[in-house]
Amino acid sequence: MAMALSISGCGSDSDSNRNDGYGGGAKLTEQFVRSTIGDITASSSVTVQESDTLPDMTNENANYWDCNSIGGLCAYEPSNGVAQEDGLKRYSISADDLAINSIPVYYWNEDGSDRKDPRFMYAMEQIQKIILPKGKVSDIFDIRGMADIPTVEFWSPDYSNLPTEGGIIFSVGTAGNHGNVGVAPHSQQIYNSMIDHNNIILGDKGWVWLNLDNPEGTKIASNEVAVHEFAHIFFAGHMENRYDDGKGNSYTVTDGHFDGFGIHGAFDERAEAVLRAMYTNPAGTTKENLVIQL
Ligand SMILES: [Zn+2]
């Protein structure tokens with residue numbers, strides 16, 4: 001069970017660390033993009049937060065979106081209705097929404113330094129070129145600088161000094177392998193994303209950590225691995241994959257990977273096509289109605 005709840009395989013030598021473009025597997029076709037988005041969508045089950053268990057927004061718990069689930073999408077303000085289960089779920093990138101709801105981004109270093117690792121900016125720029133080609137990083141991401149998180153308990157970082165109720169936190173030296181996304185530093189536990197009834201993920205509600213490099217410094221993420229990890233946040237699905245260990249045994253891991261994204265390549269043209277299709281179709285679009293341009 002624990003394995004099924006972790007994002008595993010990110011940055012492993014066998015897949016994510018490869019940077020050779022087209023590494024095998026499925027060909028890039030419209031059908032590939034459609035079925036992959038269908039799988040991501042189908043896996044993005046929405047947990048409704050019961051009103052009597054909503055966190056008290058007036059105290060320090062305001063930034064802890066537990067949502068009574070481990071990994072997945074949590075309905076925000078469920079009284080207004082919840083996201084369509086089978087529709088496309090993504091962040092909003094409309095100019096009007098971004099003016100009030102861009103995605104907060106913070107840097108954090110365990111040693112208290114104010115270093116801003118350039119791999120994170122690289123990853124932000126690459127993702128933005130795909131989902132908002134004519135934009136610039138500041139259109140989607142609200143870069144807030146260093147996060148004032150004085151001490152980090154393994155399961156519950158103290159977010160009470162931060163000015164938002166969620167966002168993305170970049171951290172170096174806190175990955176289990178080359179890189180991962182998780183609920184905290186040194187954790188591969190899948191984070192929760194908050195989602196509204198329009199199938200829009202709320203970037204300023206709920207926290208996700210992007211961890212690069214292991215603490216020993218023996219597993220260092222390449223730029224492409226940084227893009228891969230950042231893209232996990234935008235795919236917002238935690239679908240399962242079945243792997244073969246080469247010895248006749250198969251096992252299931254909830255890692256959200258697909259051909260071109262963690263399988264046969266870290267992040268290649270197939271991942272790019274899937275991400276672009278997700279952000280050029282309206283949130284809520286069903287698999288059958290996706291307009292796909294390769
Ligand atoms: Zn991954």
# chains A, B, ... in the order shown; residues from 1 in each chain; ligands from 1
>>> residues_around(residues="region 142-150 of chain A", least_positions_apart="6", cutoff="6 Å", atoms="only C-alpha atoms", output="PyMOL selection string")
chain A and resi 102-108+158
>>> write_last_selection(atoms="N, CA and C atoms", output="mmCIF file, in the first residue's frame")
data_model
loop_
_atom_site.group_PDB
_atom_site.id
_atom_site.type_symbol
_atom_site.label_atom_id
_atom_site.label_comp_id
_atom_site.auth_asym_id
_atom_site.auth_seq_id
_atom_site.Cartn_x
_atom_site.Cartn_y
_atom_site.Cartn_z
ATOM 1 N N SER A 102 -2.434 33.804 -9.892
ATOM 2 C CA SER A 102 -1.243 33.186 -10.463
ATOM 3 C C SER A 102 -0.715 32.170 -9.444
ATOM 4 N N ILE A 103 0.236 31.381 -9.863
ATOM 5 C CA ILE A 103 0.713 30.292 -9.010
ATOM 6 C C ILE A 103 1.905 30.775 -8.186
ATOM 7 N N PRO A 104 1.763 30.866 -6.868
ATOM 8 C CA PRO A 104 2.895 31.311 -6.047
ATOM 9 C C PRO A 104 4.034 30.293 -6.083
ATOM 10 N N VAL A 105 5.229 30.805 -6.202
ATOM 11 C CA VAL A 105 6.419 29.939 -6.245
ATOM 12 C C VAL A 105 7.426 30.464 -5.231
ATOM 13 N N TYR A 106 7.964 29.560 -4.440
ATOM 14 C CA TYR A 106 8.945 29.928 -3.412
ATOM 15 C C TYR A 106 10.189 29.056 -3.559
ATOM 16 N N TYR A 107 11.287 29.599 -3.070
ATOM 17 C CA TYR A 107 12.509 28.804 -2.904
ATOM 18 C C TYR A 107 12.710 28.560 -1.412
ATOM 19 N N TRP A 108 13.283 27.430 -1.093
ATOM 20 C CA TRP A 108 13.583 27.122 0.307
ATOM 21 C C TRP A 108 14.833 26.253 0.349
ATOM 22 N N ASP A 158 5.745 24.205 8.625
ATOM 23 C CA ASP A 158 4.991 25.311 9.207
ATOM 24 C C ASP A 158 4.910 26.451 8.190
#
>>> residues_around(residues="region 84-87 of chain A", least_positions_apart="4", cutoff="8 Å", atoms="only C-alpha atoms", output="list in words")
Thr41, Ala42, Ser44, Ser45, Val46, His197, Asn198, Asn199, Ala283, Gly284, Thr285, Thr286 and Lys287 of chain A
>>> residues_around(residues="region 121-132 of chain A", least_positions_apart="3", cutoff="7 Å", atoms="only C-alpha atoms", output="PyMOL selection string")
chain A and resi 118+135+137+226-227+230-231+272+275-276+279
>>> select_by_dssp(residues="region 219-271 of chain A", states="strand (DSSP E)", output="list of chain:residue names")
A:Glu240, A:Asn241, A:Arg242, A:Tyr243, A:Asp244, A:Ser250, A:Tyr251, A:Thr252, A:Val253, A:Thr254, A:Phe258, A:Asp259, A:Gly262, A:Ile263
>>> atom_distance(atom1="CA of Leu290 (chain A)", atom2="CA of Thr36 (chain A)")
11.6 Å
>>> select_by_dssp(residues="region 113-175 of chain A", states="alpha helix (DSSP H)", output="PyMOL selection string")
chain A and resi 118-131+137-140
>>> atom_distance(atom1="CA of Glu153 (chain A)", atom2="CA of Glu224 (chain A)")
29.4 Å
>>> residues_around(residues="Asn241 (chain A)", least_positions_apart="2", cutoff="9 Å", atoms="only C-alpha atoms", output="PyMOL selection string")
chain A and resi 239+243+251-258
>>> write_last_selection(atoms="N, CA and C atoms", output="compact mmCIF listing (two decimals), in the first residue's frame")
# COMPACT_ATOMS: atom_id res chain seq x y z
N MET A 239 -1.84 8.59 -11.95
CA MET A 239 -2.28 7.30 -12.47
C MET A 239 -1.24 6.20 -12.22
N TYR A 243 4.74 -2.27 -14.13
CA TYR A 243 6.08 -2.48 -14.65
C TYR A 243 6.47 -3.93 -14.49
N TYR A 251 4.77 -5.30 -11.13
CA TYR A 251 4.33 -4.56 -9.94
C TYR A 251 3.70 -3.25 -10.38
N THR A 252 2.89 -2.67 -9.52
CA THR A 252 2.16 -1.45 -9.84
C THR A 252 2.67 -0.29 -9.00
N VAL A 253 2.92 0.82 -9.66
CA VAL A 253 3.37 2.02 -8.95
C VAL A 253 2.50 3.19 -9.40
N THR A 254 2.08 3.99 -8.47
CA THR A 254 1.32 5.19 -8.80
C THR A 254 2.31 6.33 -9.01
N ASP A 255 2.72 6.48 -10.26
CA ASP A 255 3.76 7.48 -10.52
C ASP A 255 3.37 8.52 -11.56
N GLY A 256 2.26 8.32 -12.25
CA GLY A 256 1.82 9.30 -13.22
C GLY A 256 2.64 9.35 -14.49
N HIS A 257 3.51 8.37 -14.70
CA HIS A 257 4.37 8.40 -15.88
C HIS A 257 3.68 7.80 -17.11
N PHE A 258 4.16 8.18 -18.28
CA PHE A 258 3.70 7.58 -19.54
C PHE A 258 4.85 7.67 -20.54
>>> closest_atom_pairs(of="region 160-189 of chain A", to="region 208-214 of chain A", cutoff="6 Å", atoms="only C-alpha atoms", output="CSV")
residue,atom,partner,partner_atom,distance
A:Ile168,CA,A:Val208,CA,5.1
A:Ile169,CA,A:Trp209,CA,4.8
A:Phe170,CA,A:Leu210,CA,5.0
A:Ser171,CA,A:Asn211,CA,4.9
A:Val172,CA,A:Leu212,CA,4.9
A:Gly173,CA,A:Asp213,CA,4.7
A:Thr174,CA,A:Asn211,CA,5.4
A:Ala175,CA,A:Asn214,CA,4.7
A:Gly176,CA,A:Asn214,CA,5.4
A:Asn177,CA,A:Asn214,CA,5.4
A:His178,CA,A:Asp213,CA,4.7
A:Gly179,CA,A:Leu212,CA,4.2
A:Asn180,CA,A:Asn211,CA,5.3
A:Val181,CA,A:Leu210,CA,4.6
A:Gly182,CA,A:Trp209,CA,5.3
A:Val183,CA,A:Val208,CA,5.5
A:Ala184,CA,A:Trp209,CA,5.6
>>> closest_residue(among="A:Asp97, A:Glu240, A:Glu288, A:Glu229", to="ligand 1", atoms="only C-alpha atoms and all ligand atoms")
A:Glu229
>>> decode(residues="region 128-184 of chain A", atoms="C-alpha atoms", output="PDB file, in the first residue's frame")
ATOM      1  CA  GLN A 128       5.517  28.035 -19.736  1.00  0.00           C
ATOM      2  CA  LYS A 129       6.665  27.818 -23.384  1.00  0.00           C
ATOM      3  CA  ILE A 130       4.324  24.850 -23.751  1.00  0.00           C
ATOM      4  CA  ILE A 131       1.252  25.975 -21.859  1.00  0.00           C
ATOM      5  CA  LEU A 132       1.401  29.720 -22.624  1.00  0.00           C
ATOM      6  CA  PRO A 133       3.724  30.059 -25.630  1.00  0.00           C
ATOM      7  CA  LYS A 134       3.507  33.822 -25.971  1.00  0.00           C
ATOM      8  CA  GLY A 135       3.758  34.541 -22.271  1.00  0.00           C
ATOM      9  CA  LYS A 136       6.632  35.062 -19.946  1.00  0.00           C
ATOM     10  CA  VAL A 137       7.322  33.391 -16.642  1.00  0.00           C
ATOM     11  CA  SER A 138       5.827  36.191 -14.621  1.00  0.00           C
ATOM     12  CA  ASP A 139       2.455  35.713 -16.392  1.00  0.00           C
ATOM     13  CA  ILE A 140       1.778  32.358 -14.787  1.00  0.00           C
ATOM     14  CA  PHE A 141       4.117  32.203 -11.827  1.00  0.00           C
ATOM     15  CA  ASP A 142       4.237  34.653  -8.985  1.00  0.00           C
ATOM     16  CA  ILE A 143       7.810  34.248  -7.797  1.00  0.00           C
ATOM     17  CA  ARG A 144       7.768  35.142  -4.135  1.00  0.00           C
ATOM     18  CA  GLY A 145      11.435  34.603  -3.301  1.00  0.00           C
ATOM     19  CA  MET A 146      12.589  32.692  -0.268  1.00  0.00           C
ATOM     20  CA  ALA A 147       9.955  30.893   1.808  1.00  0.00           C
ATOM     21  CA  ASP A 148      10.079  31.687   5.496  1.00  0.00           C
ATOM     22  CA  ILE A 149       9.606  28.184   6.813  1.00  0.00           C
ATOM     23  CA  PRO A 150      11.743  28.210   9.943  1.00  0.00           C
ATOM     24  CA  THR A 151      11.703  24.541  10.773  1.00  0.00           C
ATOM     25  CA  VAL A 152      10.346  21.645   8.841  1.00  0.00           C
ATOM     26  CA  GLU A 153       8.746  18.766  10.604  1.00  0.00           C
ATOM     27  CA  PHE A 154       8.794  15.754   8.366  1.00  0.00           C
ATOM     28  CA  TRP A 155       5.058  15.614   7.769  1.00  0.00           C
ATOM     29  CA  SER A 156       3.911  19.161   8.352  1.00  0.00           C
ATOM     30  CA  PRO A 157       6.048  22.131   7.382  1.00  0.00           C
ATOM     31  CA  ASP A 158       4.991  25.311   9.207  1.00  0.00           C
ATOM     32  CA  TYR A 159       3.555  27.593   6.536  1.00  0.00           C
ATOM     33  CA  SER A 160       2.155  30.177   8.929  1.00  0.00           C
ATOM     34  CA  ASN A 161       4.682  32.869   7.945  1.00  0.00           C
ATOM     35  CA  LEU A 162       3.858  32.644   4.256  1.00  0.00           C
ATOM     36  CA  PRO A 163       1.514  35.150   2.602  1.00  0.00           C
ATOM     37  CA  THR A 164      -0.408  32.593   0.521  1.00  0.00           C
ATOM     38  CA  GLU A 165      -2.350  29.447   1.339  1.00  0.00           C
ATOM     39  CA  GLY A 166      -0.482  27.353  -1.169  1.00  0.00           C
ATOM     40  CA  GLY A 167       1.994  27.236  -4.002  1.00  0.00           C
ATOM     41  CA  ILE A 168       5.066  25.440  -5.271  1.00  0.00           C
ATOM     42  CA  ILE A 169       8.217  25.257  -3.147  1.00  0.00           C
ATOM     43  CA  PHE A 170      11.597  24.552  -4.744  1.00  0.00           C
ATOM     44  CA  SER A 171      14.073  22.687  -2.562  1.00  0.00           C
ATOM     45  CA  VAL A 172      17.541  21.275  -3.313  1.00  0.00           C
ATOM     46  CA  GLY A 173      19.140  18.306  -1.554  1.00  0.00           C
ATOM     47  CA  THR A 174      15.847  16.936  -0.273  1.00  0.00           C
ATOM     48  CA  ALA A 175      14.958  14.345  -2.914  1.00  0.00           C
ATOM     49  CA  GLY A 176      15.147  10.617  -2.368  1.00  0.00           C
ATOM     50  CA  ASN A 177      16.730  10.180  -5.771  1.00  0.00           C
ATOM     51  CA  HIS A 178      17.457  12.711  -8.528  1.00  0.00           C
ATOM     52  CA  GLY A 179      14.165  14.476  -8.020  1.00  0.00           C
ATOM     53  CA  ASN A 180      10.557  14.149  -6.960  1.00  0.00           C
ATOM     54  CA  VAL A 181       7.441  16.088  -6.132  1.00  0.00           C
ATOM     55  CA  GLY A 182       5.847  15.525  -2.768  1.00  0.00           C
ATOM     56  CA  VAL A 183       4.067  16.884   0.234  1.00  0.00           C
ATOM     57  CA  ALA A 184       7.265  17.947   2.017  1.00  0.00           C
TER      58      ALA A 184
END
